[in-house]
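Enquirer: my_file24.cif (mmCIF, N, CA and C atoms) pasted underneath:
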data_input
loop_
_atom_site.label_atom_id
_atom_site.label_comp_id
_atom_site.auth_asym_id
_atom_site.auth_seq_id
_atom_site.Cartn_x
_atom_site.Cartn_y
_atom_site.Cartn_z
N MET A 1 -157.88 -166.05 113.54
CA MET A 1 -157.02 -166.05 114.71
C MET A 1 -156.90 -167.48 115.22
N THR A 2 -155.69 -167.90 115.49
CA THR A 2 -155.48 -169.25 115.98
C THR A 2 -155.36 -169.26 117.49
N SER A 3 -155.74 -170.34 118.05
CA SER A 3 -155.67 -170.51 119.50
C SER A 3 -154.31 -171.05 119.88
N GLN A 4 -153.68 -170.46 120.86
CA GLN A 4 -152.39 -170.93 121.33
C GLN A 4 -152.50 -171.23 122.82
N SER A 5 -151.84 -172.29 123.25
CA SER A 5 -151.86 -172.60 124.68
C SER A 5 -150.56 -172.13 125.31
N LEU A 6 -150.67 -171.70 126.51
CA LEU A 6 -149.50 -171.26 127.25
C LEU A 6 -149.00 -172.41 128.10
N SER A 7 -147.72 -172.60 128.12
CA SER A 7 -147.13 -173.66 128.92
C SER A 7 -146.42 -173.05 130.12
N VAL A 8 -146.76 -173.54 131.31
CA VAL A 8 -146.11 -173.06 132.52
C VAL A 8 -145.35 -174.18 133.22
N THR A 9 -145.19 -175.29 132.53
CA THR A 9 -144.46 -176.39 133.13
C THR A 9 -142.96 -176.17 133.01
N LEU A 10 -142.24 -176.71 133.94
CA LEU A 10 -140.79 -176.61 133.92
C LEU A 10 -140.23 -177.57 132.88
N PRO A 11 -139.05 -177.29 132.37
CA PRO A 11 -138.40 -178.26 131.49
C PRO A 11 -138.24 -179.57 132.25
N GLU A 12 -138.24 -180.67 131.52
CA GLU A 12 -138.18 -182.01 132.14
C GLU A 12 -137.05 -182.12 133.15
N SER A 13 -135.88 -181.63 132.84
CA SER A 13 -134.74 -181.77 133.74
C SER A 13 -134.96 -181.04 135.05
N GLN A 14 -135.67 -179.92 135.03
CA GLN A 14 -135.94 -179.17 136.25
C GLN A 14 -137.14 -179.74 137.00
N SER A 15 -138.19 -180.14 136.29
CA SER A 15 -139.39 -180.59 136.97
C SER A 15 -139.15 -181.85 137.78
N VAL A 16 -138.27 -182.72 137.33
CA VAL A 16 -137.97 -183.93 138.07
C VAL A 16 -137.26 -183.58 139.38
N LEU A 17 -136.41 -182.56 139.35
CA LEU A 17 -135.67 -182.16 140.53
C LEU A 17 -136.52 -181.39 141.53
N HIS A 18 -137.55 -180.72 141.06
CA HIS A 18 -138.33 -179.83 141.90
C HIS A 18 -139.75 -180.34 142.10
N ARG A 19 -139.84 -181.55 142.63
CA ARG A 19 -141.16 -182.12 142.90
C ARG A 19 -141.02 -183.22 143.93
N LEU A 20 -142.10 -183.50 144.59
CA LEU A 20 -142.14 -184.62 145.53
C LEU A 20 -142.19 -185.92 144.73
N PRO A 21 -141.59 -186.99 145.22
CA PRO A 21 -141.62 -188.27 144.49
C PRO A 21 -143.06 -188.73 144.23
N ASP A 22 -143.26 -189.35 143.07
CA ASP A 22 -144.59 -189.83 142.69
C ASP A 22 -145.20 -190.75 143.75
N ALA A 23 -144.39 -191.63 144.32
CA ALA A 23 -144.90 -192.56 145.33
C ALA A 23 -145.44 -191.82 146.55
N TRP A 24 -144.80 -190.72 146.93
CA TRP A 24 -145.27 -189.94 148.08
C TRP A 24 -146.62 -189.29 147.76
N ILE A 25 -146.73 -188.72 146.56
CA ILE A 25 -147.98 -188.06 146.17
C ILE A 25 -149.10 -189.08 146.07
N GLU A 26 -148.81 -190.23 145.49
CA GLU A 26 -149.83 -191.27 145.37
C GLU A 26 -150.32 -191.70 146.75
N ARG A 27 -149.40 -191.88 147.69
CA ARG A 27 -149.77 -192.29 149.05
C ARG A 27 -150.58 -191.19 149.74
N LEU A 28 -150.18 -189.95 149.55
CA LEU A 28 -150.90 -188.83 150.14
C LEU A 28 -152.32 -188.76 149.59
N PHE A 29 -152.47 -188.91 148.28
CA PHE A 29 -153.80 -188.89 147.68
C PHE A 29 -154.64 -190.07 148.16
N GLN A 30 -154.03 -191.23 148.32
CA GLN A 30 -154.76 -192.39 148.85
C GLN A 30 -155.27 -192.09 150.25
N LYS A 31 -154.44 -191.47 151.07
CA LYS A 31 -154.86 -191.11 152.43
C LYS A 31 -156.04 -190.14 152.39
N PHE A 32 -155.94 -189.12 151.55
CA PHE A 32 -157.03 -188.15 151.44
C PHE A 32 -158.30 -188.82 150.92
N GLU A 33 -158.16 -189.71 149.95
CA GLU A 33 -159.32 -190.43 149.43
C GLU A 33 -159.96 -191.28 150.52
N ASP A 34 -159.12 -191.95 151.33
CA ASP A 34 -159.65 -192.76 152.43
C ASP A 34 -160.32 -191.90 153.49
N MET A 35 -159.74 -190.75 153.80
CA MET A 35 -160.27 -189.88 154.85
C MET A 35 -161.53 -189.15 154.41
N TYR A 36 -161.59 -188.71 153.16
CA TYR A 36 -162.67 -187.82 152.72
C TYR A 36 -163.63 -188.44 151.71
N GLY A 37 -163.29 -189.57 151.16
CA GLY A 37 -164.20 -190.26 150.24
C GLY A 37 -164.75 -189.38 149.16
N ALA A 38 -166.07 -189.27 149.13
CA ALA A 38 -166.75 -188.53 148.08
C ALA A 38 -166.39 -187.04 148.09
N LYS A 39 -166.08 -186.50 149.26
CA LYS A 39 -165.69 -185.08 149.33
C LYS A 39 -164.40 -184.84 148.54
N TRP A 40 -163.45 -185.76 148.68
CA TRP A 40 -162.19 -185.62 147.95
C TRP A 40 -162.44 -185.77 146.45
N ALA A 41 -163.23 -186.76 146.08
CA ALA A 41 -163.54 -186.99 144.67
C ALA A 41 -164.27 -185.79 144.08
N ALA A 42 -165.20 -185.21 144.83
CA ALA A 42 -165.95 -184.07 144.33
C ALA A 42 -165.05 -182.85 144.16
N GLN A 43 -164.06 -182.71 145.04
CA GLN A 43 -163.17 -181.56 144.98
C GLN A 43 -162.30 -181.60 143.73
N PHE A 44 -161.87 -182.79 143.32
CA PHE A 44 -160.97 -182.89 142.18
C PHE A 44 -161.55 -183.72 141.04
N GLY A 45 -162.80 -184.10 141.13
CA GLY A 45 -163.41 -184.98 140.14
C GLY A 45 -163.43 -184.46 138.72
N ASP A 46 -163.54 -183.15 138.55
CA ASP A 46 -163.61 -182.58 137.20
C ASP A 46 -162.25 -182.29 136.59
N PHE A 47 -161.20 -182.52 137.34
CA PHE A 47 -159.84 -182.25 136.87
C PHE A 47 -159.12 -183.56 136.58
N PRO A 48 -158.25 -183.56 135.60
CA PRO A 48 -157.45 -184.77 135.36
C PRO A 48 -156.58 -185.07 136.59
N ARG A 49 -156.76 -186.26 137.16
CA ARG A 49 -156.07 -186.63 138.39
C ARG A 49 -154.56 -186.49 138.26
N ASP A 50 -154.00 -186.91 137.14
CA ASP A 50 -152.56 -186.82 136.95
C ASP A 50 -152.07 -185.37 136.98
N ARG A 51 -152.85 -184.48 136.42
CA ARG A 51 -152.47 -183.06 136.43
C ARG A 51 -152.50 -182.50 137.85
N VAL A 52 -153.51 -182.86 138.62
CA VAL A 52 -153.62 -182.39 140.00
C VAL A 52 -152.46 -182.96 140.83
N LYS A 53 -152.15 -184.23 140.63
CA LYS A 53 -151.04 -184.84 141.36
C LYS A 53 -149.72 -184.16 141.00
N GLU A 54 -149.53 -183.82 139.75
CA GLU A 54 -148.31 -183.13 139.32
C GLU A 54 -148.19 -181.77 140.01
N THR A 55 -149.29 -181.04 140.07
CA THR A 55 -149.29 -179.73 140.73
C THR A 55 -148.96 -179.87 142.21
N TRP A 56 -149.53 -180.88 142.87
CA TRP A 56 -149.22 -181.12 144.28
C TRP A 56 -147.76 -181.53 144.44
N ALA A 57 -147.25 -182.36 143.55
CA ALA A 57 -145.85 -182.80 143.64
C ALA A 57 -144.91 -181.61 143.52
N GLU A 58 -145.21 -180.69 142.63
CA GLU A 58 -144.39 -179.50 142.47
C GLU A 58 -144.57 -178.55 143.65
N GLY A 59 -145.81 -178.40 144.12
CA GLY A 59 -146.10 -177.51 145.24
C GLY A 59 -145.45 -177.95 146.54
N LEU A 60 -145.34 -179.24 146.75
CA LEU A 60 -144.77 -179.79 147.98
C LEU A 60 -143.28 -180.12 147.83
N ALA A 61 -142.67 -179.71 146.74
CA ALA A 61 -141.27 -180.05 146.47
C ALA A 61 -140.33 -179.66 147.60
N GLY A 62 -140.60 -178.56 148.27
CA GLY A 62 -139.74 -178.11 149.35
C GLY A 62 -139.73 -179.03 150.55
N PHE A 63 -140.58 -180.03 150.55
CA PHE A 63 -140.68 -180.96 151.68
C PHE A 63 -140.16 -182.35 151.33
N SER A 64 -139.45 -182.46 150.21
CA SER A 64 -138.96 -183.78 149.79
C SER A 64 -137.95 -184.36 150.78
N ASP A 65 -137.33 -183.50 151.58
CA ASP A 65 -136.43 -183.99 152.62
C ASP A 65 -137.04 -183.84 154.02
N LYS A 66 -138.35 -183.59 154.06
CA LYS A 66 -139.05 -183.39 155.33
C LYS A 66 -140.30 -184.26 155.39
N GLY A 67 -140.12 -185.54 155.14
CA GLY A 67 -141.26 -186.45 155.16
C GLY A 67 -142.00 -186.43 156.48
N GLU A 68 -141.27 -186.21 157.57
CA GLU A 68 -141.91 -186.18 158.88
C GLU A 68 -142.87 -184.99 158.99
N ALA A 69 -142.52 -183.86 158.39
CA ALA A 69 -143.39 -182.69 158.40
C ALA A 69 -144.68 -182.98 157.62
N ILE A 70 -144.54 -183.68 156.50
CA ILE A 70 -145.73 -184.05 155.72
C ILE A 70 -146.61 -184.99 156.54
N ALA A 71 -146.00 -185.96 157.21
CA ALA A 71 -146.76 -186.90 158.04
C ALA A 71 -147.49 -186.17 159.17
N LYS A 72 -146.81 -185.22 159.80
CA LYS A 72 -147.44 -184.45 160.88
C LYS A 72 -148.57 -183.57 160.34
N ALA A 73 -148.38 -183.01 159.15
CA ALA A 73 -149.43 -182.21 158.52
C ALA A 73 -150.64 -183.08 158.20
N LEU A 74 -150.39 -184.27 157.70
CA LEU A 74 -151.47 -185.20 157.39
C LEU A 74 -152.23 -185.57 158.67
N ASN A 75 -151.49 -185.79 159.74
CA ASN A 75 -152.12 -186.11 161.02
C ASN A 75 -152.98 -184.93 161.51
N ALA A 76 -152.46 -183.71 161.38
CA ALA A 76 -153.23 -182.53 161.78
C ALA A 76 -154.48 -182.38 160.91
N GLN A 77 -154.34 -182.66 159.63
CA GLN A 77 -155.46 -182.55 158.69
C GLN A 77 -156.56 -183.56 159.00
N SER A 78 -156.19 -184.68 159.57
CA SER A 78 -157.17 -185.76 159.79
C SER A 78 -158.30 -185.35 160.73
N SER A 79 -158.11 -184.31 161.50
CA SER A 79 -159.19 -183.87 162.40
C SER A 79 -160.15 -182.88 161.73
N SER A 80 -159.85 -182.50 160.50
CA SER A 80 -160.71 -181.56 159.78
C SER A 80 -161.76 -182.32 158.96
N PRO A 81 -163.00 -181.85 158.99
CA PRO A 81 -164.03 -182.49 158.17
C PRO A 81 -163.94 -182.08 156.69
N TYR A 82 -163.03 -181.17 156.36
CA TYR A 82 -162.94 -180.65 155.01
C TYR A 82 -161.64 -181.09 154.34
N ALA A 83 -161.74 -181.54 153.11
CA ALA A 83 -160.57 -181.91 152.33
C ALA A 83 -159.74 -180.66 152.04
N PRO A 84 -158.41 -180.75 152.16
CA PRO A 84 -157.59 -179.55 151.98
C PRO A 84 -157.32 -179.22 150.51
N THR A 85 -157.11 -177.96 150.27
CA THR A 85 -156.56 -177.53 148.99
C THR A 85 -155.04 -177.60 149.14
N LEU A 86 -154.33 -177.48 148.05
CA LEU A 86 -152.88 -177.50 148.11
C LEU A 86 -152.35 -176.38 149.01
N PRO A 87 -152.81 -175.13 148.87
CA PRO A 87 -152.30 -174.07 149.76
C PRO A 87 -152.58 -174.36 151.24
N GLU A 88 -153.73 -174.92 151.54
CA GLU A 88 -154.04 -175.25 152.93
C GLU A 88 -153.10 -176.33 153.47
N PHE A 89 -152.85 -177.35 152.65
CA PHE A 89 -151.96 -178.42 153.11
C PHE A 89 -150.52 -177.93 153.21
N LEU A 90 -150.11 -177.06 152.30
CA LEU A 90 -148.78 -176.46 152.37
C LEU A 90 -148.60 -175.71 153.69
N ASN A 91 -149.61 -174.97 154.10
CA ASN A 91 -149.53 -174.26 155.37
C ASN A 91 -149.37 -175.22 156.54
N LEU A 92 -150.08 -176.33 156.51
CA LEU A 92 -149.94 -177.34 157.57
C LEU A 92 -148.52 -177.91 157.57
N CYS A 93 -147.96 -178.15 156.39
CA CYS A 93 -146.59 -178.67 156.29
C CYS A 93 -145.60 -177.67 156.85
N ARG A 94 -145.79 -176.40 156.53
CA ARG A 94 -144.88 -175.35 157.03
C ARG A 94 -144.96 -175.25 158.54
N GLU A 95 -146.18 -175.29 159.07
CA GLU A 95 -146.35 -175.24 160.53
C GLU A 95 -145.68 -176.44 161.20
N ALA A 96 -145.85 -177.61 160.63
CA ALA A 96 -145.24 -178.81 161.18
C ALA A 96 -143.71 -178.72 161.14
N ALA A 97 -143.17 -178.22 160.04
CA ALA A 97 -141.72 -178.09 159.91
C ALA A 97 -141.17 -177.08 160.93
N ARG A 98 -141.89 -175.98 161.16
CA ARG A 98 -141.45 -174.99 162.15
C ARG A 98 -141.44 -175.58 163.56
N ARG A 99 -142.44 -176.38 163.87
CA ARG A 99 -142.51 -177.00 165.21
C ARG A 99 -141.40 -178.03 165.42
N MET A 100 -140.88 -178.57 164.34
CA MET A 100 -139.86 -179.61 164.44
C MET A 100 -138.45 -179.03 164.64
N VAL A 101 -138.27 -177.75 164.39
CA VAL A 101 -136.93 -177.15 164.48
C VAL A 101 -136.53 -176.96 165.91
#
Any chance you could give the structure as structure tokens?
Expert:
Amino acid sequence: MTSQSLSVTLPESQSVLHRLPDAWIERLFQKFEDMYGAKWAAQFGDFPRDRVKETWAEGLAGFSDKGEAIAKALNAQSSSPYAPTLPEFLNLCREAARRMV
């Protein structure tokens, strides 16, 4: 029996359209690294950083035109002693976007 891997990535043409810009993700990760230090590294240390960044870029794609919501979510997160998971940060972004309407 041969081993086969399953691919859940979008085709290149779609993935570029449905993700947050690389520069935004890099800056967000730098902020989390600065805020949480070893906690952030421990949370994602065993995973390939590029893969985690790609997942976050795709997960936050709906906010590519809502940079202010991301900034407000980051500000709200800064009072937490715990590094966020993607779903947790997404919830903060959604809450920030709702408050801005």
Enquirer: Starting from the displayed file, determine the output of the PyMOL selection byres (((chain A and resi 60 and name CA) around 9) and name CA) and express the residue list as a list in words.
Expert: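 Taken over the shown coordinates, the PyMOL selection byres (((chain A and resi 60 and name CA) around 9) and name CA) returns His18, Arg19, Leu20, Thr55, Trp56, Ala57, Glu58, Gly59, Ala61, Gly62, Phe63, Ser64, Ile70, Leu86, Phe89, Leu90 and Cys93 of chain A.
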Enquirer: Record the distance separating CA of Phe29 in chain A and CA of Tyr82 in chain A, expressed in Å with one decimal.
Expert: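 Straight-line distance from CA of Phe29 in chain A to CA of Tyr82 in chain A works out to 14.3 Å.
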Enquirer: If you run DSSP over the backbone, which residues in chain A end up alpha helix (DSSP H)? Put them as JSON, numbers by chain.
Expert: {"A": [12, 13, 14, 15, 16, 17, 22, 23, 24, 25, 26, 27, 28, 29, 30, 31, 32, 33, 34, 35, 36, 38, 39, 40, 41, 42, 43, 44, 49, 50, 51, 52, 53, 54, 55, 56, 57, 58, 59, 67, 68, 69, 70, 71, 72, 73, 74, 75, 76, 77, 86, 87, 88, 89, 90, 91, 92, 93, 94, 95, 96, 97, 98, 99, 100]}
Enquirer: I'd like to see the residues matched by the PyMOL selection byres (((chain A and resi 35 and name CA) around 12) and name CA) on this file, and ideally I'd get them as a tab-separated table (two decimals) with N, CA and C atoms, keeping the file's coordinate frame.
Expert:
chain	number	residue	atom	x	y	z
A	28	LEU	N	-150.18	-189.95	149.55
A	28	LEU	CA	-150.90	-188.83	150.14
A	28	LEU	C	-152.32	-188.76	149.59
A	29	PHE	N	-152.47	-188.91	148.28
A	29	PHE	CA	-153.80	-188.89	147.68
A	29	PHE	C	-154.64	-190.07	148.16
A	30	GLN	N	-154.03	-191.23	148.32
A	30	GLN	CA	-154.76	-192.39	148.85
A	30	GLN	C	-155.27	-192.09	150.25
A	31	LYS	N	-154.44	-191.47	151.07
A	31	LYS	CA	-154.86	-191.11	152.43
A	31	LYS	C	-156.04	-190.14	152.39
A	32	PHE	N	-155.94	-189.12	151.55
A	32	PHE	CA	-157.03	-188.15	151.44
A	32	PHE	C	-158.30	-188.82	150.92
A	33	GLU	N	-158.16	-189.71	149.95
A	33	GLU	CA	-159.32	-190.43	149.43
A	33	GLU	C	-159.96	-191.28	150.52
A	34	ASP	N	-159.12	-191.95	151.33
A	34	ASP	CA	-159.65	-192.76	152.43
A	34	ASP	C	-160.32	-191.90	153.49
A	36	TYR	N	-161.59	-188.71	153.16
A	36	TYR	CA	-162.67	-187.82	152.72
A	36	TYR	C	-163.63	-188.44	151.71
A	37	GLY	N	-163.29	-189.57	151.16
A	37	GLY	CA	-164.20	-190.26	150.24
A	37	GLY	C	-164.75	-189.38	149.16
A	38	ALA	N	-166.07	-189.27	149.13
A	38	ALA	CA	-166.75	-188.53	148.08
A	38	ALA	C	-166.39	-187.04	148.09
A	39	LYS	N	-166.08	-186.50	149.26
A	39	LYS	CA	-165.69	-185.08	149.33
A	39	LYS	C	-164.40	-184.84	148.54
A	40	TRP	N	-163.45	-185.76	148.68
A	40	TRP	CA	-162.19	-185.62	147.95
A	40	TRP	C	-162.44	-185.77	146.45
A	41	ALA	N	-163.23	-186.76	146.08
A	41	ALA	CA	-163.54	-186.99	144.67
A	41	ALA	C	-164.27	-185.79	144.08
A	74	LEU	N	-150.39	-184.27	157.70
A	74	LEU	CA	-151.47	-185.20	157.39
A	74	LEU	C	-152.23	-185.57	158.67
A	75	ASN	N	-151.49	-185.79	159.74
A	75	ASN	CA	-152.12	-186.11	161.02
A	75	ASN	C	-152.98	-184.93	161.51
A	77	GLN	N	-154.34	-182.66	159.63
A	77	GLN	CA	-155.46	-182.55	158.69
A	77	GLN	C	-156.56	-183.56	159.00
A	78	SER	N	-156.19	-184.68	159.57
A	78	SER	CA	-157.17	-185.76	159.79
A	78	SER	C	-158.30	-185.35	160.73
A	79	SER	N	-158.11	-184.31	161.50
A	79	SER	CA	-159.19	-183.87	162.40
A	79	SER	C	-160.15	-182.88	161.73
A	80	SER	N	-159.85	-182.50	160.50
A	80	SER	CA	-160.71	-181.56	159.78
A	80	SER	C	-161.76	-182.32	158.96
A	81	PRO	N	-163.00	-181.85	158.99
A	81	PRO	CA	-164.03	-182.49	158.17
A	81	PRO	C	-163.94	-182.08	156.69
A	82	TYR	N	-163.03	-181.17	156.36
A	82	TYR	CA	-162.94	-180.65	155.01
A	82	TYR	C	-161.64	-181.09	154.34
A	83	ALA	N	-161.74	-181.54	153.11
A	83	ALA	CA	-160.57	-181.91	152.33
A	83	ALA	C	-159.74	-180.66	152.04
A	84	PRO	N	-158.41	-180.75	152.16
A	84	PRO	CA	-157.59	-179.55	151.98
A	84	PRO	C	-157.32	-179.22	150.51
Enquirer: Between A:Trp24, A:Asp65, A:Arg94, A:Thr85, which residue has the minimum interatomic distance to Gln43 in chain A, considering only C-alpha atoms?
Expert: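 Looking at the shortest contact to Gln43 in chain A, the residue is A:Thr85.
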Enquirer: Between CA of Ala42 in chain A and atom C of Ala69 in chain A, what is the distance, to one decimal in Å?
Expert: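 About the pair CA of Ala42 in chain A and atom C of Ala69 in chain A: they are 25.1 Å apart.
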Enquirer: Please report the interatomic distance between atom C of Arg99 in chain A and CA of Lys53 in chain A in Å with one decimal.
Expert: 26.8 Å
Enquirer: The centre and edge lengths of an axis-aligned box containing all atoms of range 77-85 of chain A present in the file, extended by 6 Å on each side, are to be given in Å to one decimal, as AutoDock Vina command-line options.
Expert:
--center_x -159.2 --center_y -181.6 --center_z 155.7 --size_x 21.7 --size_y 20.2 --size_z 25.4
